[in-house]
4 protein chains.
Amino acid sequence: MSQLLFAAFSNRSDAVQLAREAGRQLEADGITSSLHLLDVDATPVVDASTIVVSLGGDGTFLKSARLAHALGARVLAVNLGRLGFLLNVPSNAVVADAKSALSGDDIVERLALLISVSGTRIKEFALNEVVVERAHAGHMVRVKTYVDEDEYLTYSADGVMVATPTGSTGYNFSAGGPVVEATLPVMILTPVAPHFTIDRSIVVADDKVIRLVAEDKPAIIVADGRDIGSLQAGQYVEVRKSPSPVRVVATRSFDLASRLHEGLREGHA
Amino acid sequence: MSQLLFAAFSNRSDAVQLAREAGRQLEADGITSSLHLLDVDATPVVDASTIVVSLGGDGTFLKSARLAHALGARVLAVNLGRLGFLLNVPSNAVVADAKSALSGDDIVERLALLISVSGTRIKEFALNEVVVERAHAGHMVRVKTYVDEDEYLTYSADGVMVATPTGSTGYNFSAGGPVVEATLPVMILTPVAPHFTIDRSIVVADDKVIRLVAEDKPAIIVADGRDIGSLQAGQYVEVRKSPSPVRVVATRSFDLASRLHEGLREGHA
Amino acid sequence: MSQLLFAAFSNRSDAVQLAREAGRQLEADGITSSLHLLDVDATPVVDASTIVVSLGGDGTFLKSARLAHALGARVLAVNLGRLGFLLNVPSNAVVADAKSALSGDDIVERLALLISVSGTRIKEFALNEVVVERAHAGHMVRVKTYVDEDEYLTYSADGVMVATPTGSTGYNFSAGGPVVEATLPVMILTPVAPHFTIDRSIVVADDKVIRLVAEDKPAIIVADGRDIGSLQAGQYVEVRKSPSPVRVVATRSFDLASRLHEGLREGHA
Amino acid sequence: MSQLLFAAFSNRSDAVQLAREAGRQLEADGITSSLHLLDVDATPVVDASTIVVSLGGDGTFLKSARLAHALGARVLAVNLGRLGFLLNVPSNAVVADAKSALSGDDIVERLALLISVSGTRIKEFALNEVVVERAHAGHMVRVKTYVDEDEYLTYSADGVMVATPTGSTGYNFSAGGPVVEATLPVMILTPVAPHFTIDRSIVVADDKVIRLVAEDKPAIIVADGRDIGSLQAGQYVEVRKSPSPVRVVATRSFDLASRLHEGLREGHA
């Protein structure tokens, strides 16, 4: 079993190449590593001491983090993309940071969502957000929202999401939601293109349970960009804090301010 | 060939019932009418002198208006729904207004969009809006926009739409766009949940041509809520004013202000 | 020294009347009380055991809370207005809740802001928000923002505010900011009408220090609706968590959900 | 009487210098010009044949345009600022464009607003926008709006504005309003930071009259950034199209698209 598991998509030849080179350098120092192709390989055999090293952009990281979370492992976020809202290690620091990750214990715990669906056995995990959204283009869903037992607003909208602080700069941001510091213990409820109602986000403590009820039409459930199921009218999604967080190796600080600056530059490129 | 064509969806028994009763009353006055089930019947034989009488909500009206437009006929908008942003005739006035429509010539012309797709023969029509949107849940499309030859903004978003004034209180409104008086000669360009860029709408004269180019991923094209085709990367949708407007019978005024009040009440019901 | 201090504005005769009646009833039970007119009377002699009973709307409560905070006392929020985002005691429960407040210890601590201004001795307190805003109608201010040592965005805007969770349903909401549960340990940075930049709020932990720097023009500083000073170009406001929170008596729960529903109804009345 | 009137603020030495140099060159071609300091000089003697040449940024142009409008003259917009949303002539083209302006007749007419105030003789003009706004920091105004005789929404807000297409990229944009092509015959009604109601703009034909009524508190009236009066509760501002537009010399086209690109770059600089 390797100490490091490099995770990449098979079509990212730069990532595959980087994994090979880094692997050779680390081997010289007596550190074992292997390469896991996220879209090809079966679930690898690792344990909680392994560090999953994500090589790619935000999408690669989300998938790597899900893998690490499922295995009880830590994840190190190496940025091979243009702009990574979730990534804090530059690609030329991968060897140094991987080593320091193995010796150190600088872990940042990031809130993950545990998602269940009424009347089903679905138990899913999301690091960014879960969305209940329209099943068909050109329609709206009607979603009633609850926080614990309190009924909040009902939205006719493209969708309604619950985002984590980590996900606040993603789809939540596009939908008008606030940017939230990554370590805050909160969940963010944000509607997407709601019709004739207030579009403000609602920020609640992460010990609450948020329920999203499909009122009158089927809806689909999307977690971190993956379609994980559907809702019939009357069914609901329950979202709460996952008992185990995502454990991200913090070999260097994550600078939200400069990500915002970069994001704005990219957004208008 | 009937003078009036009642148009309704087959599952709206109240509309079917109303069409029958109104038909009997009108027959007594020597006025011929027939019932067209929008989701069942083949395209009816009518001509430009016919009046299509939409019986239902905004969705019924959009479909009836498309039928009337295709046939060169006028359309009368009867409201059988709770809130109709496009509808100005209450259901108890259907006989009186249908008669007055036949004798009078109070027509309001509403801008319709002509939609074509590069590299295809698609020619479609929209009264509310056309949207270029993501083909898959959980993804964004990247859309570059042009007004005539000028390149405007490029959006990474759920979608980008061109709306008419008629459609300004519909999906355009949900996406943050302005309410525009129904008779103004303008088109409204509005992004839906754009990432890290300005979300303001852009209002241009209706003699302009707007082009929406799919940058790097497939997208789908949705006109008035109907999926009308898809775009491959590099393909574009061209949107311009339809040479023939939708001709709506204006037996009574359309009161935008009270629709807004109602809309807000409904939105928070 | 009274056990209860009823606080009201002198022009609210209903509040003054209620204070007198409640005072008589409480006296019969051996509880001492007095009436403090917020806009007339000098700072009263009370101590930390006193409960300030705010009788009025949100404005009265803000002023009463400031008084209670200065005196180390608790505050009970009685609602005599139409809609109180900060108020949880109906006016007919004032006697019962005042008694139960004296015997019980159900206190909710609410984050207050401590505001200081570079180059001055200004030390102010805010329960809702502090805003750095344009000194003159028709102009913008340019404000650079920092969270601890990190430079965040620079806004040309009507103003830039830091709001508490308590204030999230106030001016922050109008400016597009999120609704935040009252007990969360966060501050909300929200621009007001920023020009050509992102208008999203940024939510940070309440152990951070936020700095708002006036870039090139004088600005004024407004805390909970009161003008507390001005900023010359280059000067800054520092905002941090007040070491002592506002202690609100929680004789009954505060139902954010139904406040939102009411607020929306009022907003469109 | 000069053929050209260079208009500039006295503290812009670059503008004053440019006026002098351009004046010398034009004199050699037999064209007379003079310099008008907008903040110093009395109203100059010119007639409708004169061209006012604005030398500065958007603020200079607004003041120059007001002067030209009052005198029945045309205005040429030279950009000496960083970013000019209203300006289309680069500073190095001032001589060439001034000449071509005298010989040609490429005029673009821009909608101007005529503003009157109930119970007063105030008659003011605005090229960008008129705002009814709170008289005091930290308060809101409550403004009821009418379009002709129809009552529209009532806002509790920092202010409510009516903007022209020319002004759509100014304060209207900051407040969330749409960008509107400069030549469209419309007015835009946009609230600034409205509390608990819909913040969408409403776009109406420029032959309508918009009324803004101060409901319960004094408000101030700001036109193109200048305080032009105040409103007592019950008084209203009436806004309509000015019978005479602002006549802008169009020696070169105005490229809205590239202004948007520049604006976004500046906004995030």
# chains A, B, ... in the order shown; residues from 1 in each chain; ligands from 1

call {"tool": "residues_around", "arguments": {"residues": "range 54-56 of chain A", "least_positions_apart": "5", "cutoff": "6 Å", "atoms": "only C-alpha atoms", "output": "PyMOL selection string"}}
result
chain A and resi 7-8+15+61+64+77-81

call {"tool": "closest_atom_pairs", "arguments": {"of": "range 81-159 of chain A", "to": "range 253-266 of chain B", "cutoff": "12 Å", "atoms": "only C-alpha atoms", "output": "CSV"}}
result
residue,atom,partner,partner_atom,distance
A:Thr154,CA,B:Glu266,CA,10.8
A:Tyr155,CA,B:Glu266,CA,10.7
A:Ser156,CA,B:Glu266,CA,10.4

call {"tool": "residues_around", "arguments": {"residues": "Lys123 in chain D", "least_positions_apart": "2", "cutoff": "10 Å", "atoms": "only C-alpha atoms", "output": "list in words"}}
result
Leu114, Ile115, Ser116, Val117, Thr120, Arg121, Phe125, Ile228 and Glu238 of chain D

call {"tool": "residues_around", "arguments": {"residues": "Pro44 in chain A", "least_positions_apart": "3", "cutoff": "9 Å", "atoms": "only C-alpha atoms", "output": "list in words"}}
result
Leu5, His36 and Asp41 of chain A

call {"tool": "write_last_selection", "arguments": {"atoms": "all heavy atoms", "output": "PDB file, in the first residue's frame"}}
result
ATOM      1  N   LEU A   5      -1.184   8.584  -2.896  1.00  0.00           N
ATOM      2  CA  LEU A   5      -1.959   8.139  -4.049  1.00  0.00           C
ATOM      3  C   LEU A   5      -2.227   9.359  -4.930  1.00  0.00           C
ATOM      4  O   LEU A   5      -3.026  10.229  -4.565  1.00  0.00           O
ATOM      5  CB  LEU A   5      -3.283   7.520  -3.581  1.00  0.00           C
ATOM      6  CG  LEU A   5      -4.137   6.907  -4.690  1.00  0.00           C
ATOM      7  CD1 LEU A   5      -3.582   5.536  -5.092  1.00  0.00           C
ATOM      8  CD2 LEU A   5      -5.585   6.771  -4.218  1.00  0.00           C
ATOM      9  N   HIS A  36      -3.630   6.846  -9.413  1.00  0.00           N
ATOM     10  CA  HIS A  36      -5.011   6.384  -9.527  1.00  0.00           C
ATOM     11  C   HIS A  36      -5.736   7.235 -10.561  1.00  0.00           C
ATOM     12  O   HIS A  36      -5.842   8.461 -10.413  1.00  0.00           O
ATOM     13  CB  HIS A  36      -5.704   6.511  -8.165  1.00  0.00           C
ATOM     14  CG  HIS A  36      -7.159   6.180  -8.221  1.00  0.00           C
ATOM     15  ND1 HIS A  36      -7.627   4.895  -8.383  1.00  0.00           N
ATOM     16  CD2 HIS A  36      -8.259   6.967  -8.159  1.00  0.00           C
ATOM     17  CE1 HIS A  36      -8.948   4.908  -8.403  1.00  0.00           C
ATOM     18  NE2 HIS A  36      -9.359   6.153  -8.271  1.00  0.00           N
ATOM     19  N   ASP A  41      -9.856   3.635 -13.001  1.00  0.00           N
ATOM     20  CA  ASP A  41      -9.468   2.586 -12.060  1.00  0.00           C
ATOM     21  C   ASP A  41     -10.569   2.266 -11.043  1.00  0.00           C
ATOM     22  O   ASP A  41     -11.409   3.107 -10.713  1.00  0.00           O
ATOM     23  CB  ASP A  41      -8.211   3.024 -11.288  1.00  0.00           C
ATOM     24  CG  ASP A  41      -7.002   3.159 -12.209  1.00  0.00           C
ATOM     25  OD1 ASP A  41      -7.049   2.599 -13.328  1.00  0.00           O
ATOM     26  OD2 ASP A  41      -6.034   3.836 -11.821  1.00  0.00           O
TER      27      ASP A  41
END

call {"tool": "closest_atom_pairs", "arguments": {"of": "chain C", "to": "chain D", "cutoff": "6 Å", "atoms": "only C-alpha atoms", "output": "JSON lines"}}
result
{"residue": "C:Gly138", "atom": "CA", "partner": "D:Gly225", "partner_atom": "CA", "distance": 3.8}
{"residue": "C:Ser174", "atom": "CA", "partner": "D:His195", "partner_atom": "CA", "distance": 4.5}
{"residue": "C:Ala175", "atom": "CA", "partner": "D:Ala193", "partner_atom": "CA", "distance": 4.8}
{"residue": "C:Ala193", "atom": "CA", "partner": "D:Ser174", "partner_atom": "CA", "distance": 4.7}
{"residue": "C:Pro194", "atom": "CA", "partner": "D:Ser174", "partner_atom": "CA", "distance": 5.2}
{"residue": "C:His195", "atom": "CA", "partner": "D:Ser174", "partner_atom": "CA", "distance": 4.5}
{"residue": "C:Phe196", "atom": "CA", "partner": "D:Gly267", "partner_atom": "CA", "distance": 4.9}
{"residue": "C:Thr197", "atom": "CA", "partner": "D:Gly267", "partner_atom": "CA", "distance": 5.0}
{"residue": "C:Gly225", "atom": "CA", "partner": "D:Gly138", "partner_atom": "CA", "distance": 3.8}
{"residue": "C:Leu264", "atom": "CA", "partner": "D:Phe196", "partner_atom": "CA", "distance": 5.7}
{"residue": "C:Gly267", "atom": "CA", "partner": "D:Phe196", "partner_atom": "CA", "distance": 4.8}

call {"tool": "write_last_selection", "arguments": {"atoms": "N, CA, C and O atoms", "output": "mmCIF file, in the first residue's frame"}}
result
data_model
loop_
_atom_site.group_PDB
_atom_site.id
_atom_site.type_symbol
_atom_site.label_atom_id
_atom_site.label_comp_id
_atom_site.auth_asym_id
_atom_site.auth_seq_id
_atom_site.Cartn_x
_atom_site.Cartn_y
_atom_site.Cartn_z
ATOM 1 N N GLY C 138 -25.095 61.870 -4.508
ATOM 2 C CA GLY C 138 -24.661 61.999 -5.889
ATOM 3 C C GLY C 138 -23.207 61.622 -6.109
ATOM 4 O O GLY C 138 -22.714 61.692 -7.224
ATOM 5 N N SER C 174 -31.207 44.788 2.499
ATOM 6 C CA SER C 174 -31.538 45.723 1.421
ATOM 7 C C SER C 174 -30.431 45.781 0.375
ATOM 8 O O SER C 174 -30.687 45.899 -0.813
ATOM 9 N N ALA C 175 -29.205 45.703 0.855
ATOM 10 C CA ALA C 175 -28.059 45.816 -0.045
ATOM 11 C C ALA C 175 -27.742 44.491 -0.738
ATOM 12 O O ALA C 175 -26.784 44.407 -1.493
ATOM 13 N N ALA C 193 -24.582 49.155 -3.512
ATOM 14 C CA ALA C 193 -24.571 49.715 -4.860
ATOM 15 C C ALA C 193 -23.151 49.929 -5.392
ATOM 16 O O ALA C 193 -22.788 51.039 -5.781
ATOM 17 N N PRO C 194 -22.338 48.876 -5.426
ATOM 18 C CA PRO C 194 -20.969 49.013 -5.950
ATOM 19 C C PRO C 194 -20.989 49.137 -7.467
ATOM 20 O O PRO C 194 -21.817 48.513 -8.130
ATOM 21 N N HIS C 195 -20.074 49.938 -7.999
ATOM 22 C CA HIS C 195 -20.056 50.158 -9.442
ATOM 23 C C HIS C 195 -19.131 49.187 -10.145
ATOM 24 O O HIS C 195 -17.965 49.098 -9.841
ATOM 25 N N PHE C 196 -19.686 48.470 -11.100
ATOM 26 C CA PHE C 196 -18.919 47.603 -11.984
ATOM 27 C C PHE C 196 -18.021 46.642 -11.246
ATOM 28 O O PHE C 196 -16.902 46.394 -11.660
ATOM 29 N N THR C 197 -18.524 46.115 -10.141
ATOM 30 C CA THR C 197 -17.803 45.005 -9.549
ATOM 31 C C THR C 197 -18.797 44.062 -8.900
ATOM 32 O O THR C 197 -19.983 44.299 -8.903
ATOM 33 N N GLY C 225 -27.450 53.303 12.241
ATOM 34 C CA GLY C 225 -28.252 54.438 11.806
ATOM 35 C C GLY C 225 -27.817 55.781 12.344
ATOM 36 O O GLY C 225 -28.388 56.814 11.999
ATOM 37 N N LEU C 264 -41.730 39.734 3.956
ATOM 38 C CA LEU C 264 -42.077 39.725 2.545
ATOM 39 C C LEU C 264 -43.494 40.257 2.332
ATOM 40 O O LEU C 264 -43.755 40.983 1.383
ATOM 41 N N GLY C 267 -43.178 43.969 2.842
ATOM 42 C CA GLY C 267 -42.393 44.579 1.767
ATOM 43 C C GLY C 267 -43.242 44.841 0.534
ATOM 44 O O GLY C 267 -42.973 45.761 -0.234
#

call {"tool": "residues_around", "arguments": {"residues": "Val132 in chain C", "least_positions_apart": "6", "cutoff": "8 Å", "atoms": "only C-alpha atoms", "output": "list in words"}}
result
Val143, Gly159, Val160, Met161, Leu212, Ala219, Ile220, Ile221, Val222 and Val237 of chain C

call {"tool": "select_by_dssp", "arguments": {"residues": "range 194-261 of chain D", "states": "alpha helix (DSSP H)", "output": "number ranges by chain"}}
result
D: 256-261

call {"tool": "write_last_selection", "arguments": {"atoms": "N, CA, C and O atoms", "output": "PDB file, in the first residue's frame"}}
result
ATOM      1  N   LEU D 256     -20.477  50.538 -27.109  1.00  0.00           N
ATOM      2  CA  LEU D 256     -20.918  50.119 -25.779  1.00  0.00           C
ATOM      3  C   LEU D 256     -20.198  48.854 -25.321  1.00  0.00           C
ATOM      4  O   LEU D 256     -19.784  48.733 -24.166  1.00  0.00           O
ATOM      5  N   ALA D 257     -20.021  47.917 -26.268  1.00  0.00           N
ATOM      6  CA  ALA D 257     -19.417  46.633 -25.906  1.00  0.00           C
ATOM      7  C   ALA D 257     -18.035  46.821 -25.293  1.00  0.00           C
ATOM      8  O   ALA D 257     -17.715  46.267 -24.246  1.00  0.00           O
ATOM      9  N   SER D 258     -17.192  47.650 -25.942  1.00  0.00           N
ATOM     10  CA  SER D 258     -15.843  47.755 -25.384  1.00  0.00           C
ATOM     11  C   SER D 258     -15.834  48.582 -24.106  1.00  0.00           C
ATOM     12  O   SER D 258     -14.982  48.396 -23.253  1.00  0.00           O
ATOM     13  N   ARG D 259     -16.799  49.495 -23.940  1.00  0.00           N
ATOM     14  CA  ARG D 259     -16.916  50.181 -22.653  1.00  0.00           C
ATOM     15  C   ARG D 259     -17.228  49.192 -21.533  1.00  0.00           C
ATOM     16  O   ARG D 259     -16.725  49.301 -20.430  1.00  0.00           O
ATOM     17  N   LEU D 260     -18.099  48.236 -21.833  1.00  0.00           N
ATOM     18  CA  LEU D 260     -18.416  47.234 -20.817  1.00  0.00           C
ATOM     19  C   LEU D 260     -17.159  46.454 -20.440  1.00  0.00           C
ATOM     20  O   LEU D 260     -16.867  46.243 -19.265  1.00  0.00           O
ATOM     21  N   HIS D 261     -16.407  46.035 -21.441  1.00  0.00           N
ATOM     22  CA  HIS D 261     -15.171  45.300 -21.157  1.00  0.00           C
ATOM     23  C   HIS D 261     -14.230  46.135 -20.287  1.00  0.00           C
ATOM     24  O   HIS D 261     -13.713  45.678 -19.284  1.00  0.00           O
TER      25      HIS D 261
END

call {"tool": "closest_residue", "arguments": {"among": "D:Gly84, D:Leu76, D:Lys99, D:Ala65", "to": "Ile31 in chain D", "atoms": "only C-alpha atoms"}}
result
D:Lys99

call {"tool": "residues_around", "arguments": {"residues": "Ala205 in chain C", "least_positions_apart": "5", "cutoff": "12 Å", "atoms": "only C-alpha atoms", "output": "JSON, numbers by chain"}}
result
{"A": [165, 180, 181, 182, 183, 184, 185, 186], "C": [111, 147, 148, 164, 165, 184, 185, 186, 187, 188, 189, 210, 240, 241]}

call {"tool": "write_last_selection", "arguments": {"atoms": "N, CA, C and O atoms", "output": "PDB file, in the first residue's frame"}}
result
ATOM      1  N   PRO A 165     -19.310  26.099   3.041  1.00  0.00           N
ATOM      2  CA  PRO A 165     -18.360  27.210   2.856  1.00  0.00           C
ATOM      3  C   PRO A 165     -17.385  26.936   1.706  1.00  0.00           C
ATOM      4  O   PRO A 165     -17.118  27.817   0.890  1.00  0.00           O
ATOM      5  N   VAL A 180     -18.177  32.566   1.740  1.00  0.00           N
ATOM      6  CA  VAL A 180     -18.081  32.247   3.154  1.00  0.00           C
ATOM      7  C   VAL A 180     -16.712  31.624   3.430  1.00  0.00           C
ATOM      8  O   VAL A 180     -16.300  30.693   2.726  1.00  0.00           O
ATOM      9  N   GLU A 181     -16.026  32.137   4.433  1.00  0.00           N
ATOM     10  CA  GLU A 181     -14.721  31.576   4.822  1.00  0.00           C
ATOM     11  C   GLU A 181     -14.805  30.075   5.002  1.00  0.00           C
ATOM     12  O   GLU A 181     -15.742  29.573   5.644  1.00  0.00           O
ATOM     13  N   ALA A 182     -13.799  29.363   4.521  1.00  0.00           N
ATOM     14  CA  ALA A 182     -13.888  27.905   4.390  1.00  0.00           C
ATOM     15  C   ALA A 182     -14.068  27.160   5.711  1.00  0.00           C
ATOM     16  O   ALA A 182     -14.600  26.057   5.735  1.00  0.00           O
ATOM     17  N   THR A 183     -13.651  27.756   6.804  1.00  0.00           N
ATOM     18  CA  THR A 183     -13.671  27.005   8.063  1.00  0.00           C
ATOM     19  C   THR A 183     -14.884  27.307   8.937  1.00  0.00           C
ATOM     20  O   THR A 183     -14.976  26.793  10.054  1.00  0.00           O
ATOM     21  N   LEU A 184     -15.803  28.118   8.462  1.00  0.00           N
ATOM     22  CA  LEU A 184     -16.955  28.466   9.305  1.00  0.00           C
ATOM     23  C   LEU A 184     -17.953  27.305   9.387  1.00  0.00           C
ATOM     24  O   LEU A 184     -18.194  26.616   8.399  1.00  0.00           O
ATOM     25  N   PRO A 185     -18.554  27.110  10.563  1.00  0.00           N
ATOM     26  CA  PRO A 185     -19.465  25.973  10.774  1.00  0.00           C
ATOM     27  C   PRO A 185     -20.887  26.291  10.323  1.00  0.00           C
ATOM     28  O   PRO A 185     -21.804  26.324  11.128  1.00  0.00           O
ATOM     29  N   VAL A 186     -21.061  26.530   9.022  1.00  0.00           N
ATOM     30  CA  VAL A 186     -22.379  26.947   8.515  1.00  0.00           C
ATOM     31  C   VAL A 186     -22.733  26.238   7.206  1.00  0.00           C
ATOM     32  O   VAL A 186     -21.857  25.725   6.515  1.00  0.00           O
TER      33      VAL A 186
ATOM     34  N   LEU C 111     -23.824  38.911  18.996  1.00  0.00           N
ATOM     35  CA  LEU C 111     -22.584  39.569  18.602  1.00  0.00           C
ATOM     36  C   LEU C 111     -22.793  41.071  18.441  1.00  0.00           C
ATOM     37  O   LEU C 111     -23.707  41.509  17.746  1.00  0.00           O
ATOM     38  N   VAL C 147      -9.340  41.922   5.530  1.00  0.00           N
ATOM     39  CA  VAL C 147      -9.727  41.016   6.605  1.00  0.00           C
ATOM     40  C   VAL C 147      -8.417  40.554   7.232  1.00  0.00           C
ATOM     41  O   VAL C 147      -7.599  39.928   6.559  1.00  0.00           O
ATOM     42  N   ASP C 148      -8.208  40.893   8.516  1.00  0.00           N
ATOM     43  CA  ASP C 148      -6.883  40.766   9.130  1.00  0.00           C
ATOM     44  C   ASP C 148      -5.859  41.410   8.180  1.00  0.00           C
ATOM     45  O   ASP C 148      -6.047  42.566   7.817  1.00  0.00           O
ATOM     46  N   THR C 164     -23.691  42.487  11.589  1.00  0.00           N
ATOM     47  CA  THR C 164     -23.752  41.319  12.468  1.00  0.00           C
ATOM     48  C   THR C 164     -24.868  40.394  11.974  1.00  0.00           C
ATOM     49  O   THR C 164     -25.701  40.794  11.163  1.00  0.00           O
ATOM     50  N   PRO C 165     -24.916  39.167  12.490  1.00  0.00           N
ATOM     51  CA  PRO C 165     -26.078  38.325  12.187  1.00  0.00           C
ATOM     52  C   PRO C 165     -27.394  39.010  12.565  1.00  0.00           C
ATOM     53  O   PRO C 165     -28.355  38.972  11.797  1.00  0.00           O
ATOM     54  N   LEU C 184     -24.898  32.902  15.032  1.00  0.00           N
ATOM     55  CA  LEU C 184     -23.657  32.452  14.386  1.00  0.00           C
ATOM     56  C   LEU C 184     -22.506  33.427  14.654  1.00  0.00           C
ATOM     57  O   LEU C 184     -22.697  34.641  14.652  1.00  0.00           O
ATOM     58  N   PRO C 185     -21.299  32.887  14.849  1.00  0.00           N
ATOM     59  CA  PRO C 185     -20.143  33.729  15.197  1.00  0.00           C
ATOM     60  C   PRO C 185     -19.470  34.308  13.957  1.00  0.00           C
ATOM     61  O   PRO C 185     -18.324  33.990  13.660  1.00  0.00           O
ATOM     62  N   VAL C 186     -20.188  35.158  13.221  1.00  0.00           N
ATOM     63  CA  VAL C 186     -19.662  35.678  11.953  1.00  0.00           C
ATOM     64  C   VAL C 186     -19.958  37.165  11.800  1.00  0.00           C
ATOM     65  O   VAL C 186     -20.852  37.707  12.447  1.00  0.00           O
ATOM     66  N   MET C 187     -19.180  37.798  10.927  1.00  0.00           N
ATOM     67  CA  MET C 187     -19.462  39.165  10.481  1.00  0.00           C
ATOM     68  C   MET C 187     -19.659  39.108   8.964  1.00  0.00           C
ATOM     69  O   MET C 187     -19.102  38.248   8.285  1.00  0.00           O
ATOM     70  N   ILE C 188     -20.460  40.045   8.446  1.00  0.00           N
ATOM     71  CA  ILE C 188     -20.830  40.041   7.024  1.00  0.00           C
ATOM     72  C   ILE C 188     -20.368  41.351   6.396  1.00  0.00           C
ATOM     73  O   ILE C 188     -20.761  42.424   6.857  1.00  0.00           O
ATOM     74  N   LEU C 189     -19.552  41.231   5.359  1.00  0.00           N
ATOM     75  CA  LEU C 189     -19.036  42.409   4.651  1.00  0.00           C
ATOM     76  C   LEU C 189     -19.868  42.579   3.382  1.00  0.00           C
ATOM     77  O   LEU C 189     -19.856  41.700   2.512  1.00  0.00           O
ATOM     78  N   ILE C 210     -11.877  43.462  10.519  1.00  0.00           N
ATOM     79  CA  ILE C 210     -12.140  43.992   9.182  1.00  0.00           C
ATOM     80  C   ILE C 210     -11.774  45.475   9.170  1.00  0.00           C
ATOM     81  O   ILE C 210     -12.123  46.219  10.085  1.00  0.00           O
ATOM     82  N   ARG C 240     -14.303  44.976  14.866  1.00  0.00           N
ATOM     83  CA  ARG C 240     -14.060  43.651  15.447  1.00  0.00           C
ATOM     84  C   ARG C 240     -15.207  43.327  16.396  1.00  0.00           C
ATOM     85  O   ARG C 240     -16.050  44.179  16.703  1.00  0.00           O
ATOM     86  N   LYS C 241     -15.213  42.118  16.861  1.00  0.00           N
ATOM     87  CA  LYS C 241     -16.202  41.671  17.822  1.00  0.00           C
ATOM     88  C   LYS C 241     -16.027  42.431  19.133  1.00  0.00           C
ATOM     89  O   LYS C 241     -14.904  42.546  19.643  1.00  0.00           O
TER      90      LYS C 241
END

call {"tool": "select_by_dssp", "arguments": {"residues": "range 35-266 of chain D", "states": "strand (DSSP E)", "output": "number ranges by chain"}}
result
D: 35-37, 51-56, 74-79, 89-90, 107-110, 113-117, 123-126, 129-134, 141-147, 150-157, 159-163, 179-180, 186-192, 202-205, 210-214, 219-223, 226-231, 236-241, 246-249

call {"tool": "atom_distance", "arguments": {"atom1": "CA of Ser10 in chain C", "atom2": "CA of Val89 in chain C"}}
result
20.7 Å

call {"tool": "atom_distance", "arguments": {"atom1": "CA of Arg82 in chain A", "atom2": "CA of Val53 in chain A"}}
result
17.9 Å
